file entry_5.cif (mmCIF, C-alpha atoms)
data_input
#
loop_
_atom_site.label_atom_id
_atom_site.label_comp_id
_atom_site.auth_asym_id
_atom_site.auth_seq_id
_atom_site.Cartn_x
_atom_site.Cartn_y
_atom_site.Cartn_z
CA MET A 1 -92.00 -15.41 15.50
CA PRO A 2 -89.65 -18.12 14.28
CA HIS A 3 -86.10 -17.14 13.53
CA MET A 4 -85.04 -16.94 9.92
CA ILE A 5 -81.73 -18.67 9.29
CA ARG A 6 -79.80 -17.64 6.25
CA ALA A 7 -76.63 -19.16 4.87
CA GLU A 8 -74.91 -17.17 2.19
CA ARG A 9 -72.13 -18.69 0.11
CA VAL A 10 -70.69 -20.56 3.05
CA SER A 11 -67.42 -22.35 2.45
CA LEU A 12 -65.20 -24.12 4.91
CA GLN A 13 -61.64 -25.24 4.45
CA TYR A 14 -60.02 -27.47 6.96
CA GLN A 15 -56.33 -28.30 6.66
CA ASN A 16 -56.33 -27.51 2.94
CA LYS A 17 -59.37 -29.67 2.42
CA GLN A 18 -62.54 -28.13 1.04
CA VAL A 19 -65.17 -29.39 3.47
CA LEU A 20 -68.07 -27.12 2.50
CA GLU A 21 -68.39 -25.37 -0.79
CA ASP A 22 -70.48 -22.33 -1.55
CA ILE A 23 -73.58 -23.32 0.40
CA SER A 24 -76.56 -20.97 0.42
CA PHE A 25 -80.07 -21.50 1.78
CA ASN A 26 -82.88 -19.87 3.70
CA LEU A 27 -84.75 -21.58 6.49
CA GLU A 28 -87.81 -19.62 7.44
CA GLY A 29 -88.04 -21.45 10.75
CA GLY A 30 -90.79 -23.01 12.84
CA LYS A 31 -90.39 -26.29 10.99
CA ILE A 32 -88.64 -29.63 11.32
CA TYR A 33 -85.82 -29.81 8.80
CA GLY A 34 -83.94 -32.92 7.73
CA LEU A 35 -80.32 -32.59 6.70
CA LEU A 36 -79.39 -35.66 4.71
CA GLY A 37 -75.98 -36.70 3.51
CA ARG A 38 -73.74 -39.72 3.36
CA ASN A 39 -70.99 -40.24 5.88
CA GLY A 40 -68.36 -37.58 5.31
CA ALA A 41 -70.62 -35.43 3.14
CA GLY A 42 -70.20 -32.47 5.48
CA LYS A 43 -73.30 -32.66 7.67
CA THR A 44 -71.48 -32.11 10.92
CA SER A 45 -69.32 -29.36 9.41
CA LEU A 46 -72.35 -27.52 8.13
CA LEU A 47 -74.19 -27.80 11.44
CA SER A 48 -71.06 -26.72 13.32
CA VAL A 49 -70.84 -23.58 11.20
CA LEU A 50 -74.58 -23.04 11.57
CA SER A 51 -74.32 -23.12 15.33
CA ALA A 52 -71.14 -21.00 15.39
CA PHE A 53 -68.95 -23.76 16.79
CA VAL A 54 -66.74 -23.29 13.77
CA LYS A 55 -66.19 -20.13 11.74
CA ALA A 56 -66.78 -20.39 8.02
CA THR A 57 -63.72 -19.71 5.85
CA SER A 58 -65.89 -17.48 3.72
CA GLY A 59 -69.55 -16.59 3.47
CA SER A 60 -71.91 -15.87 6.33
CA ILE A 61 -74.62 -17.31 8.50
CA THR A 62 -77.20 -14.89 9.85
CA ILE A 63 -80.22 -15.28 12.05
CA ASP A 64 -82.87 -12.64 11.51
CA GLY A 65 -80.18 -10.70 9.69
CA GLN A 66 -77.61 -10.81 12.48
CA PRO A 67 -74.31 -12.62 12.05
CA ILE A 68 -74.13 -15.50 14.49
CA PHE A 69 -70.43 -15.80 15.10
CA GLU A 70 -69.47 -14.69 18.61
CA ASN A 71 -72.98 -13.43 19.21
CA ALA A 72 -73.80 -14.41 22.80
CA ALA A 73 -77.46 -13.40 22.67
CA LEU A 74 -78.09 -15.61 19.67
CA MET A 75 -76.16 -18.50 21.16
CA GLU A 76 -78.63 -18.64 23.99
CA GLN A 77 -81.35 -19.25 21.41
CA MET A 78 -79.61 -22.26 20.02
CA VAL A 79 -78.66 -25.74 21.12
CA PHE A 80 -76.42 -28.04 19.12
CA ILE A 81 -76.50 -31.69 20.17
CA ARG A 82 -73.91 -34.15 18.97
CA ASP A 83 -73.44 -37.75 19.96
CA VAL A 84 -70.05 -37.20 21.61
CA LYS A 85 -68.66 -39.63 24.14
CA LEU A 86 -68.80 -38.48 27.74
CA ASP A 87 -66.27 -40.89 29.13
CA GLU A 88 -64.34 -38.13 30.88
CA GLU A 89 -67.36 -36.73 32.72
CA SER A 90 -67.58 -37.44 36.40
CA GLY A 91 -70.77 -36.74 38.33
CA LYS A 92 -74.17 -38.30 38.12
CA ALA A 93 -76.45 -38.00 35.10
CA LYS A 94 -79.09 -36.03 36.96
CA LYS A 95 -76.60 -33.48 38.18
CA TYR A 96 -75.06 -33.23 34.72
CA ILE A 97 -78.45 -32.24 33.32
CA LYS A 98 -79.12 -29.80 36.11
CA ASP A 99 -75.74 -28.12 35.72
CA LEU A 100 -76.25 -27.64 32.01
CA SER A 101 -79.80 -26.35 32.44
CA ILE A 102 -78.47 -23.15 34.01
CA PHE A 103 -77.25 -21.97 30.62
CA ARG A 104 -80.62 -22.53 29.00
CA PRO A 105 -83.28 -19.93 29.83
CA ASN A 106 -86.16 -22.11 28.58
CA PHE A 107 -84.95 -25.34 30.15
CA ASP A 108 -87.82 -27.41 31.51
CA LEU A 109 -86.62 -29.65 34.34
CA ASP A 110 -89.96 -31.41 34.66
CA TYR A 111 -89.86 -32.35 31.02
CA ALA A 112 -86.27 -33.56 31.44
CA GLU A 113 -87.48 -35.70 34.32
CA HIS A 114 -90.23 -37.15 32.14
CA LEU A 115 -87.70 -37.94 29.41
CA MET A 116 -85.30 -39.57 31.85
CA GLN A 117 -88.11 -41.92 32.81
CA ARG A 118 -89.11 -42.64 29.25
CA PHE A 119 -85.56 -43.46 28.23
CA LYS A 120 -85.01 -45.31 31.52
CA LEU A 121 -81.89 -43.28 32.16
CA PRO A 122 -80.19 -44.45 35.36
CA THR A 123 -80.01 -41.01 36.94
CA ASP A 124 -77.76 -42.00 39.82
CA THR A 125 -75.10 -43.55 37.62
CA GLU A 126 -71.99 -41.56 36.78
CA VAL A 127 -72.14 -40.13 33.29
CA SER A 128 -68.88 -41.78 32.24
CA LYS A 129 -70.25 -45.18 33.25
CA LEU A 130 -73.39 -44.91 31.15
CA SER A 131 -73.68 -47.18 28.12
CA ARG A 132 -73.33 -45.69 24.65
CA GLY A 133 -77.11 -45.75 24.19
CA MET A 134 -77.71 -44.03 27.52
CA GLN A 135 -75.14 -41.35 26.75
CA SER A 136 -77.04 -40.71 23.52
CA ALA A 137 -80.26 -40.49 25.50
CA LEU A 138 -78.63 -38.02 27.88
CA HIS A 139 -77.67 -35.75 24.97
CA VAL A 140 -81.12 -36.01 23.48
CA ILE A 141 -82.80 -35.19 26.80
CA ILE A 142 -80.72 -32.04 27.11
CA GLY A 143 -81.47 -31.10 23.51
CA LEU A 144 -85.22 -31.48 23.90
CA ALA A 145 -85.66 -30.08 27.41
CA SER A 146 -83.60 -26.98 26.54
CA ARG A 147 -86.56 -25.90 24.39
CA CYS A 148 -84.30 -23.60 22.39
CA PRO A 149 -85.96 -21.74 19.51
CA ILE A 150 -83.33 -23.34 17.29
CA THR A 151 -82.62 -26.96 18.19
CA ILE A 152 -80.07 -28.91 16.21
CA PHE A 153 -79.48 -32.65 16.53
CA ASP A 154 -76.49 -33.96 14.65
CA GLU A 155 -77.10 -37.71 14.43
CA ALA A 156 -77.48 -37.54 18.18
CA TYR A 157 -79.50 -40.74 18.19
CA LEU A 158 -76.96 -42.98 16.46
CA GLY A 159 -76.00 -44.76 19.66
CA MET A 160 -79.61 -45.59 20.47
CA ASP A 161 -81.28 -48.86 19.70
CA ALA A 162 -84.48 -48.97 17.65
CA PRO A 163 -86.97 -48.72 20.56
CA ALA A 164 -85.11 -45.73 22.01
CA ARG A 165 -85.06 -44.02 18.61
CA GLU A 166 -88.82 -44.51 18.40
CA ILE A 167 -89.21 -42.71 21.71
CA PHE A 168 -86.97 -39.94 20.42
CA TYR A 169 -89.05 -39.47 17.24
CA GLU A 170 -92.26 -39.43 19.27
CA GLU A 171 -90.93 -36.88 21.71
CA VAL A 172 -89.56 -34.60 18.98
CA LEU A 173 -92.93 -34.49 17.25
CA ASN A 174 -94.92 -34.14 20.42
CA ASP A 175 -92.82 -31.42 21.90
CA PHE A 176 -92.63 -29.63 18.56
CA MET A 177 -96.43 -29.45 18.50
CA GLU A 178 -96.63 -28.15 22.04
CA HIS A 179 -93.68 -25.80 21.74
CA PRO A 180 -93.22 -24.96 18.06
CA ARG A 181 -89.65 -24.14 17.15
CA THR A 182 -87.02 -24.75 14.51
CA ILE A 183 -85.63 -28.25 14.70
CA ILE A 184 -82.86 -29.48 12.44
CA LEU A 185 -82.08 -33.20 12.39
CA SER A 186 -79.20 -34.62 10.41
CA THR A 187 -79.32 -38.27 9.50
CA HIS A 188 -78.59 -40.99 7.04
CA LEU A 189 -81.41 -43.14 8.46
CA ILE A 190 -83.72 -41.81 5.82
CA SER A 191 -86.52 -44.31 5.57
CA GLU A 192 -86.85 -44.26 9.33
CA MET A 193 -87.05 -40.50 9.71
CA GLU A 194 -88.22 -38.95 6.46
CA SER A 195 -91.86 -38.70 7.47
CA MET A 196 -90.91 -36.31 10.30
CA PHE A 197 -89.46 -33.66 8.01
CA GLU A 198 -91.28 -30.74 6.51
CA GLU A 199 -88.27 -29.69 4.45
CA VAL A 200 -85.23 -31.64 3.37
CA LEU A 201 -81.71 -30.50 2.53
CA ILE A 202 -79.31 -32.93 0.90
CA ILE A 203 -75.58 -32.33 0.90
CA ASP A 204 -73.05 -34.32 -1.00
CA GLN A 205 -69.28 -33.86 -1.02
CA GLY A 206 -69.60 -30.54 0.75
CA GLU A 207 -72.17 -29.11 -1.64
CA LEU A 208 -75.85 -28.51 -1.10
CA ILE A 209 -77.47 -30.42 -3.93
CA LEU A 210 -81.09 -30.02 -2.97
CA HIS A 211 -83.44 -28.10 -0.66
CA GLU A 212 -87.10 -28.94 -1.05
CA GLU A 213 -90.35 -29.59 0.77
CA ALA A 214 -90.39 -33.25 1.77
CA GLU A 215 -93.81 -33.87 0.25
CA ILE A 216 -92.74 -32.44 -3.08
CA LEU A 217 -89.56 -34.48 -3.00
CA ARG A 218 -91.50 -37.64 -2.29
CA ASP A 219 -93.35 -36.94 -5.51
CA SER A 220 -90.40 -35.98 -7.68
CA GLY A 221 -89.13 -39.26 -8.91
CA VAL A 222 -90.68 -41.84 -11.17
CA SER A 223 -89.69 -45.31 -12.28
CA VAL A 224 -90.38 -46.44 -15.84
CA THR A 225 -90.49 -50.12 -16.72
CA GLY A 226 -91.07 -51.79 -20.08
CA ALA A 227 -89.44 -53.18 -23.18
CA VAL A 228 -85.83 -52.00 -23.55
CA GLU A 229 -86.22 -49.99 -26.78
CA GLN A 230 -89.46 -48.38 -25.68
CA VAL A 231 -87.98 -47.33 -22.35
CA ASP A 232 -84.82 -46.01 -23.99
CA TYR A 233 -86.91 -43.95 -26.38
CA PHE A 234 -89.11 -42.58 -23.61
CA VAL A 235 -86.34 -41.51 -21.23
CA GLN A 236 -84.29 -39.63 -23.84
CA GLY A 237 -83.30 -36.20 -22.57
CA LYS A 238 -84.62 -36.87 -19.07
CA HIS A 239 -82.66 -36.87 -15.82
CA ILE A 240 -81.78 -40.55 -15.31
CA LEU A 241 -80.90 -41.72 -11.81
CA LYS A 242 -80.55 -45.42 -12.41
CA GLU A 243 -80.90 -47.98 -15.17
CA GLN A 244 -81.35 -51.71 -14.84
CA VAL A 245 -81.94 -54.37 -17.47
CA LEU A 246 -83.37 -57.80 -16.88
CA GLY A 247 -83.81 -59.83 -20.04
CA GLY A 248 -85.85 -57.75 -22.45
CA THR A 249 -87.20 -55.51 -19.71
CA LYS A 250 -85.66 -52.29 -18.54
CA LEU A 251 -86.23 -50.21 -15.45
CA VAL A 252 -85.17 -46.59 -15.38
CA MET A 253 -85.53 -44.20 -12.45
CA LEU A 254 -86.08 -40.60 -13.42
CA TYR A 255 -85.75 -37.45 -11.37
CA GLY A 256 -88.48 -34.90 -11.90
CA GLN A 257 -92.20 -35.12 -12.47
CA LEU A 258 -93.82 -36.22 -15.70
CA SER A 259 -96.39 -34.04 -17.42
CA GLU A 260 -99.89 -35.34 -18.07
CA GLN A 261 -98.93 -35.66 -21.73
CA GLU A 262 -95.83 -37.70 -20.93
CA ARG A 263 -97.90 -40.00 -18.75
CA GLU A 264 -100.33 -40.57 -21.61
CA GLU A 265 -97.42 -41.21 -23.93
CA ALA A 266 -95.97 -43.77 -21.52
CA LYS A 267 -99.32 -45.49 -21.28
CA ALA A 268 -99.62 -45.66 -25.05
CA MET A 269 -96.15 -47.21 -25.19
CA GLN A 270 -97.25 -49.76 -22.60
CA LEU A 271 -94.70 -48.60 -20.08
CA SER A 272 -95.57 -48.91 -16.44
CA LEU A 273 -94.86 -45.98 -14.17
CA GLY A 274 -94.23 -46.15 -10.47
CA PRO A 275 -93.09 -43.94 -7.63
CA ILE A 276 -89.64 -43.99 -6.08
CA THR A 277 -88.91 -43.48 -2.42
CA LEU A 278 -87.01 -40.62 -0.85
CA GLN A 279 -84.39 -43.15 0.20
CA GLU A 280 -83.86 -44.27 -3.40
CA LEU A 281 -83.80 -40.69 -4.59
CA PHE A 282 -81.17 -39.89 -1.99
CA ILE A 283 -79.01 -42.90 -2.88
CA HIS A 284 -78.95 -42.06 -6.55
CA LEU A 285 -78.50 -38.33 -6.15
CA THR A 286 -75.46 -38.85 -3.92
CA LYS A 287 -73.59 -41.53 -5.83
CA GLU A 288 -69.82 -41.47 -5.87
CA ASP A 289 -69.32 -41.29 -9.60
CA LYS A 290 -70.04 -37.59 -9.77
CA GLN A 291 -66.56 -36.39 -10.53
CA MET B 1 -106.90 -46.23 9.80
CA ARG B 2 -104.01 -48.22 8.44
CA SER B 3 -101.27 -49.85 10.46
CA SER B 4 -98.51 -48.19 8.51
CA LEU B 5 -97.88 -45.80 5.67
CA ASP B 6 -96.73 -46.56 2.15
CA GLU B 7 -93.40 -44.87 1.61
CA ASN B 8 -94.03 -44.60 -2.11
CA LYS B 9 -96.76 -42.00 -1.90
CA PRO B 10 -96.96 -38.46 -0.59
CA ILE B 11 -98.06 -38.75 3.02
CA PHE B 12 -100.71 -36.01 2.92
CA GLN B 13 -102.38 -37.93 0.13
CA GLN B 14 -102.41 -41.09 2.21
CA ILE B 15 -103.91 -39.23 5.16
CA ARG B 16 -106.61 -37.88 2.87
CA GLU B 17 -107.34 -41.31 1.38
CA MET B 18 -107.39 -42.94 4.79
CA ILE B 19 -110.04 -40.56 6.08
CA GLU B 20 -112.01 -40.89 2.87
CA ASP B 21 -111.89 -44.68 3.20
CA ASP B 22 -113.18 -44.49 6.74
CA ILE B 23 -116.07 -42.33 5.60
CA VAL B 24 -116.92 -44.56 2.62
CA ASN B 25 -116.94 -47.77 4.65
CA GLY B 26 -118.90 -46.21 7.49
CA ASN B 27 -116.23 -46.20 10.20
CA LEU B 28 -116.52 -42.43 10.30
CA LYS B 29 -120.07 -41.15 10.15
CA GLU B 30 -121.27 -37.72 9.11
CA GLU B 31 -121.04 -35.13 11.88
CA GLU B 32 -118.56 -37.36 13.71
CA GLN B 33 -115.16 -36.05 14.71
CA ALA B 34 -112.21 -37.07 12.55
CA PRO B 35 -108.96 -38.15 14.26
CA SER B 36 -106.99 -35.15 15.49
CA THR B 37 -103.72 -33.91 14.06
CA ASN B 38 -102.00 -34.86 17.29
CA GLN B 39 -103.33 -38.41 17.17
CA LEU B 40 -102.21 -38.90 13.59
CA VAL B 41 -98.79 -37.35 14.22
CA ALA B 42 -98.20 -39.57 17.23
CA TYR B 43 -99.52 -42.71 15.58
CA TYR B 44 -97.64 -42.51 12.29
CA LYS B 45 -94.71 -40.33 13.47
CA ILE B 46 -95.27 -37.80 10.75
CA ASN B 47 -94.79 -34.09 10.47
CA PRO B 48 -97.81 -32.08 11.69
CA ALA B 49 -97.70 -29.81 8.62
CA THR B 50 -98.15 -32.88 6.44
CA VAL B 51 -101.26 -33.96 8.33
CA LEU B 52 -102.67 -30.44 8.05
CA LYS B 53 -102.08 -30.46 4.32
CA GLY B 54 -104.19 -33.62 4.03
CA PHE B 55 -106.90 -32.17 6.25
CA ASN B 56 -106.97 -28.89 4.35
CA GLN B 57 -107.55 -30.68 1.08
CA LEU B 58 -110.50 -32.48 2.65
CA VAL B 59 -111.88 -29.20 3.96
CA ASP B 60 -111.51 -27.61 0.52
CA ALA B 61 -113.33 -30.56 -1.02
CA GLY B 62 -116.20 -30.16 1.45
CA ILE B 63 -115.58 -33.56 3.08
CA LEU B 64 -114.52 -32.20 6.46
CA TYR B 65 -115.28 -28.97 8.24
CA LYS B 66 -113.50 -27.25 11.07
CA LYS B 67 -115.05 -26.49 14.44
CA ARG B 68 -112.87 -23.86 15.98
CA GLY B 69 -111.02 -25.10 19.01
CA VAL B 70 -112.62 -28.53 18.79
CA GLY B 71 -111.33 -30.24 15.67
CA MET B 72 -112.36 -31.60 12.29
CA PHE B 73 -115.76 -33.10 11.61
CA VAL B 74 -117.25 -35.05 8.73
CA ALA B 75 -119.52 -32.83 6.65
CA ALA B 76 -123.12 -33.72 5.89
CA GLY B 77 -123.31 -35.29 2.45
CA ALA B 78 -119.66 -36.38 2.52
CA HIS B 79 -120.54 -40.05 2.29
CA GLN B 80 -122.67 -39.64 -0.82
CA MET B 81 -120.14 -37.31 -2.44
CA LEU B 82 -117.26 -39.72 -1.94
CA ARG B 83 -119.26 -42.66 -3.21
CA GLU B 84 -120.03 -40.82 -6.42
CA GLN B 85 -116.36 -39.95 -6.87
CA ARG B 86 -115.28 -43.49 -6.22
CA LYS B 87 -117.82 -44.84 -8.69
CA GLN B 88 -116.37 -42.69 -11.42
CA ALA B 89 -112.85 -43.68 -10.47
CA PHE B 90 -113.96 -47.31 -10.46
CA GLN B 91 -114.82 -47.12 -14.12
CA GLU B 92 -111.50 -45.54 -15.04
CA GLN B 93 -109.29 -47.62 -12.80
CA TYR B 94 -110.87 -51.04 -12.93
CA VAL B 95 -113.29 -51.36 -15.80
CA SER B 96 -111.19 -49.65 -18.46
CA SER B 97 -107.99 -51.42 -17.51
CA MET B 98 -109.83 -54.74 -17.34
CA LEU B 99 -111.17 -54.25 -20.86
CA HIS B 100 -107.71 -53.26 -22.04
CA GLU B 101 -106.14 -56.40 -20.61
CA ALA B 102 -109.00 -58.54 -21.93
CA ASP B 103 -108.43 -57.09 -25.36
CA LYS B 104 -104.76 -58.08 -25.19
CA LEU B 105 -105.69 -61.63 -24.26
CA GLY B 106 -108.53 -61.87 -26.78
CA ILE B 107 -111.21 -62.31 -24.13
CA THR B 108 -114.69 -61.37 -25.33
CA ILE B 109 -117.20 -59.27 -23.40
CA GLU B 110 -119.39 -62.37 -23.15
CA GLU B 111 -116.55 -64.28 -21.50
CA ILE B 112 -115.91 -61.42 -19.09
CA LYS B 113 -119.56 -61.45 -18.08
CA ASN B 114 -119.36 -65.18 -17.43
CA MET B 115 -116.25 -64.68 -15.33
CA ILE B 116 -117.98 -62.00 -13.27
CA ASP B 117 -120.96 -64.28 -12.68
CA ALA B 118 -118.67 -67.15 -11.72
CA SER B 119 -116.70 -64.96 -9.28
CA LYS B 120 -119.87 -63.62 -7.77
CA GLY B 121 -121.27 -67.13 -7.31
CA ARG B 122 -118.08 -68.18 -5.56
CA ASP B 123 -118.05 -65.23 -3.19
CA ASN B 124 -121.66 -65.63 -2.09
#

call {"tool": "encode", "arguments": {"input": "entry_5.cif", "output": "structure tokens"}}
result
Amino acid sequence: MPHMIRAERVSLQYQNKQVLEDISFNLEGGKIYGLLGRNGAGKTSLLSVLSAFVKATSGSITIDGQPIFENAALMEQMVFIRDVKLDEESGKAKKYIKDLSIFRPNFDLDYAEHLMQRFKLPTDTEVSKLSRGMQSALHVIIGLASRCPITIFDEAYLGMDAPAREIFYEEVLNDFMEHPRTIILSTHLISEMESMFEEVLIIDQGELILHEEAEILRDSGVSVTGAVEQVDYFVQGKHILKEQVLGGTKLVMLYGQLSEQEREEAKAMQLSLGPITLQELFIHLTKEDKQ
Amino acid sequence: MRSSLDENKPIFQQIREMIEDDIVNGNLKEEEQAPSTNQLVAYYKINPATVLKGFNQLVDAGILYKKRGVGMFVAAGAHQMLREQRKQAFQEQYVSSMLHEADKLGITIEEIKNMIDASKGRDN
């Protein structure tokens, strides 16, 4: 049974700054979730509260109905991986992994070994001497091989180059199929990762602005192109994400699906309709001019 | 199979279309096994639930059927069924829009027929 994660009206203040504001959601678990947000949107804060590294100023996080804060039994079920520098760590990479594995009841050392080979991690090098990319790989290896029912990666792959990220994506999907669990990945590399997600949460300026199935989201924007007046008439009263004019032609991106009738109407007005990508949707939903 | 996915379209729909294409052009024959979820997940790096959604639609449409513990197989009659569907779609997607565009440009049906003959002659 996957664990149900529930956030209820979570807010976080940090040195008089409102970092998270009134965030509520339910994750039924057993899925791969994408947490998307721009830099500074509050992704790390939210994941830190979610994994009980930080206590929310108000509101609560529960797993299967139990509050997570200072709950040792639940903490064992959860791993939170961040791309922190390990420049102070002495000891070799292999030993570092082994030492950490003791705290993880499901840790699979053989799988960790396999991952070390795939990422070409120099296991006999001291952790502090590893390159940025290899330190990222080390974090990721621990995150995956821990096989925790709730596995959270907070942009843990940022230090990796493109080929290493590919390996990471492959391993996440593969291991998820063999050992189903709840995996939460935060990122702003949307076009690269969006196809991995079953559900997507978008936060912006500390607020949760959207939580939706990825496939529905991929289908919830539409671009309308045509003569300026016709387009203006058609998009009246609709949720406009972006407008662009080139000569007598106008392109408008809309959020939300069009009804069959609206599609017919657009066709009759000789407007052309097209899809918009999740990346575009994200960019326009999280623009700065909100306030 | 395609080398990559189009990020403008729901992925389950692309999975469905890809398998349909393979059946229509004979790469996947009736009673043959369709690619597995694991293969598609690994190849395109996509969420397994998304692949399943595409497969389930094909099962509901009678194109694929499930053999428990083995995988998905192409149903008997799938080829014919898809061809019929595509033929209908062909009229809507290509013929109607061609006539619409021809109308805009003042091209007569006679001229269109000549163009088709000319194109055919060139291709053969």

call {"tool": "atom_distance", "arguments": {"input": "entry_5.cif", "atom1": "atom CA of A:Ala56", "atom2": "atom CA of A:Leu12"}}
result
5.1 Å

call {"tool": "residues_around", "arguments": {"input": "entry_5.cif", "residues": "A:Thr286", "least_positions_apart": "5", "cutoff": "12 Å", "atoms": "only C-alpha atoms", "output": "PyMOL selection string"}}
result
chain A and resi 36-41+188+202-210+241-242+279-281+291

call {"tool": "closest_residue", "arguments": {"input": "entry_5.cif", "among": "A:Tyr157, A:Ala93, A:Asn174, A:Ile5", "to": "B:Gln39", "atoms": "all atoms listed in the file"}}
result
A:Asn174

call {"tool": "closest_residue", "arguments": {"input": "entry_5.cif", "among": "B:Ala118, B:Glu84, B:Arg16, B:Glu31", "to": "B:Asn56", "atoms": "only C-alpha atoms"}}
result
B:Arg16

call {"tool": "closest_atom_pairs", "arguments": {"input": "entry_5.cif", "of": "chain B", "to": "chain A", "cutoff": "9 Å", "atoms": "all atoms listed in the file", "output": "JSON lines"}}
result
{"residue": "B:Glu7", "atom": "CA", "partner": "A:Thr277", "partner_atom": "CA", "distance": 6.2}
{"residue": "B:Asn8", "atom": "CA", "partner": "A:Thr277", "partner_atom": "CA", "distance": 5.3}
{"residue": "B:Lys9", "atom": "CA", "partner": "A:Arg218", "partner_atom": "CA", "distance": 6.8}
{"residue": "B:Pro10", "atom": "CA", "partner": "A:Glu215", "partner_atom": "CA", "distance": 5.6}
{"residue": "B:Ile11", "atom": "CA", "partner": "A:Glu215", "partner_atom": "CA", "distance": 7.0}
{"residue": "B:Phe12", "atom": "CA", "partner": "A:Glu215", "partner_atom": "CA", "distance": 7.7}
{"residue": "B:Asn38", "atom": "CA", "partner": "A:Asn174", "partner_atom": "CA", "distance": 7.8}
{"residue": "B:Val41", "atom": "CA", "partner": "A:Leu173", "partner_atom": "CA", "distance": 7.2}
{"residue": "B:Ala42", "atom": "CA", "partner": "A:Glu170", "partner_atom": "CA", "distance": 6.3}
{"residue": "B:Tyr43", "atom": "CA", "partner": "A:Glu170", "partner_atom": "CA", "distance": 8.8}
{"residue": "B:Tyr44", "atom": "CA", "partner": "A:Ser195", "partner_atom": "CA", "distance": 8.4}
{"residue": "B:Lys45", "atom": "CA", "partner": "A:Glu170", "partner_atom": "CA", "distance": 6.4}
{"residue": "B:Ile46", "atom": "CA", "partner": "A:Met196", "partner_atom": "CA", "distance": 4.6}
{"residue": "B:Asn47", "atom": "CA", "partner": "A:Met196", "partner_atom": "CA", "distance": 4.5}
{"residue": "B:Pro48", "atom": "CA", "partner": "A:Met177", "partner_atom": "CA", "distance": 7.4}
{"residue": "B:Ala49", "atom": "CA", "partner": "A:Glu198", "partner_atom": "CA", "distance": 6.8}
{"residue": "B:Thr50", "atom": "CA", "partner": "A:Glu198", "partner_atom": "CA", "distance": 7.2}

call {"tool": "write_last_selection", "arguments": {"input": "entry_5.cif", "atoms": "C-alpha atoms", "output": "mmCIF file, keeping the file's coordinate frame"}}
result
data_model
loop_
_atom_site.group_PDB
_atom_site.id
_atom_site.type_symbol
_atom_site.label_atom_id
_atom_site.label_comp_id
_atom_site.auth_asym_id
_atom_site.auth_seq_id
_atom_site.Cartn_x
_atom_site.Cartn_y
_atom_site.Cartn_z
ATOM 1 C CA GLU B 7 -93.400 -44.870 1.610
ATOM 2 C CA ASN B 8 -94.030 -44.600 -2.110
ATOM 3 C CA LYS B 9 -96.760 -42.000 -1.900
ATOM 4 C CA PRO B 10 -96.960 -38.460 -0.590
ATOM 5 C CA ILE B 11 -98.060 -38.750 3.020
ATOM 6 C CA PHE B 12 -100.710 -36.010 2.920
ATOM 7 C CA ASN B 38 -102.000 -34.860 17.290
ATOM 8 C CA VAL B 41 -98.790 -37.350 14.220
ATOM 9 C CA ALA B 42 -98.200 -39.570 17.230
ATOM 10 C CA TYR B 43 -99.520 -42.710 15.580
ATOM 11 C CA TYR B 44 -97.640 -42.510 12.290
ATOM 12 C CA LYS B 45 -94.710 -40.330 13.470
ATOM 13 C CA ILE B 46 -95.270 -37.800 10.750
ATOM 14 C CA ASN B 47 -94.790 -34.090 10.470
ATOM 15 C CA PRO B 48 -97.810 -32.080 11.690
ATOM 16 C CA ALA B 49 -97.700 -29.810 8.620
ATOM 17 C CA THR B 50 -98.150 -32.880 6.440
#

call {"tool": "closest_residue", "arguments": {"input": "entry_5.cif", "among": "A:Ser131, A:Ser101, A:Thr187, A:Gln77", "to": "A:Gly34", "atoms": "all atoms listed in the file"}}
result
A:Thr187

call {"tool": "closest_residue", "arguments": {"input": "entry_5.cif", "among": "B:Gln80, B:Ser3, B:Gly69, B:Thr37", "to": "B:Glu20", "atoms": "all atoms listed in the file"}}
result
B:Gln80

call {"tool": "residues_around", "arguments": {"input": "entry_5.cif", "residues": "B:Arg83", "least_positions_apart": "4", "cutoff": "7 Å", "atoms": "all atoms listed in the file", "output": "PyMOL selection string"}}
result
chain B and resi 24+79+87

call {"tool": "atom_distance", "arguments": {"input": "entry_5.cif", "atom1": "atom CA of A:Ser136", "atom2": "atom CA of A:Phe119"}}
result
10.1 Å

call {"tool": "resolve_selection", "arguments": {"input": "entry_5.cif", "expression": "the PyMOL selection byres ((chain A and resi 224) around 12)", "output": "PyMOL selection string"}}
result
chain A and resi 221-223+225-228+230-235+238+240-245+249-255+257-258+262-263+265-267+269-276

call {"tool": "residues_around", "arguments": {"input": "entry_5.cif", "residues": "A:Gln66", "least_positions_apart": "2", "cutoff": "12 Å", "atoms": "only C-alpha atoms", "output": "list in words"}}
result
His3, Met4, Ile5, Arg6, Ala7, Ser60, Ile61, Thr62, Ile63, Asp64, Ile68, Phe69, Glu70, Asn71, Ala72, Ala73, Leu74 and Met75 of chain A

call {"tool": "closest_residue", "arguments": {"input": "entry_5.cif", "among": "A:Gln261, A:Gln236, A:Thr44, A:Thr125", "to": "A:Ile152", "atoms": "all atoms listed in the file"}}
result
A:Thr44

call {"tool": "residues_around", "arguments": {"input": "entry_5.cif", "residues": "stretch 21-23 of chain B", "least_positions_apart": "6", "cutoff": "10 Å", "atoms": "all atoms listed in the file", "output": "PyMOL selection string"}}
result
chain B and resi 1+15+29-30+32+34+63+74+78-80+82-83

call {"tool": "atom_distance", "arguments": {"input": "entry_5.cif", "atom1": "atom CA of A:Gly91", "atom2": "atom CA of A:Glu126"}}
result
5.2 Å
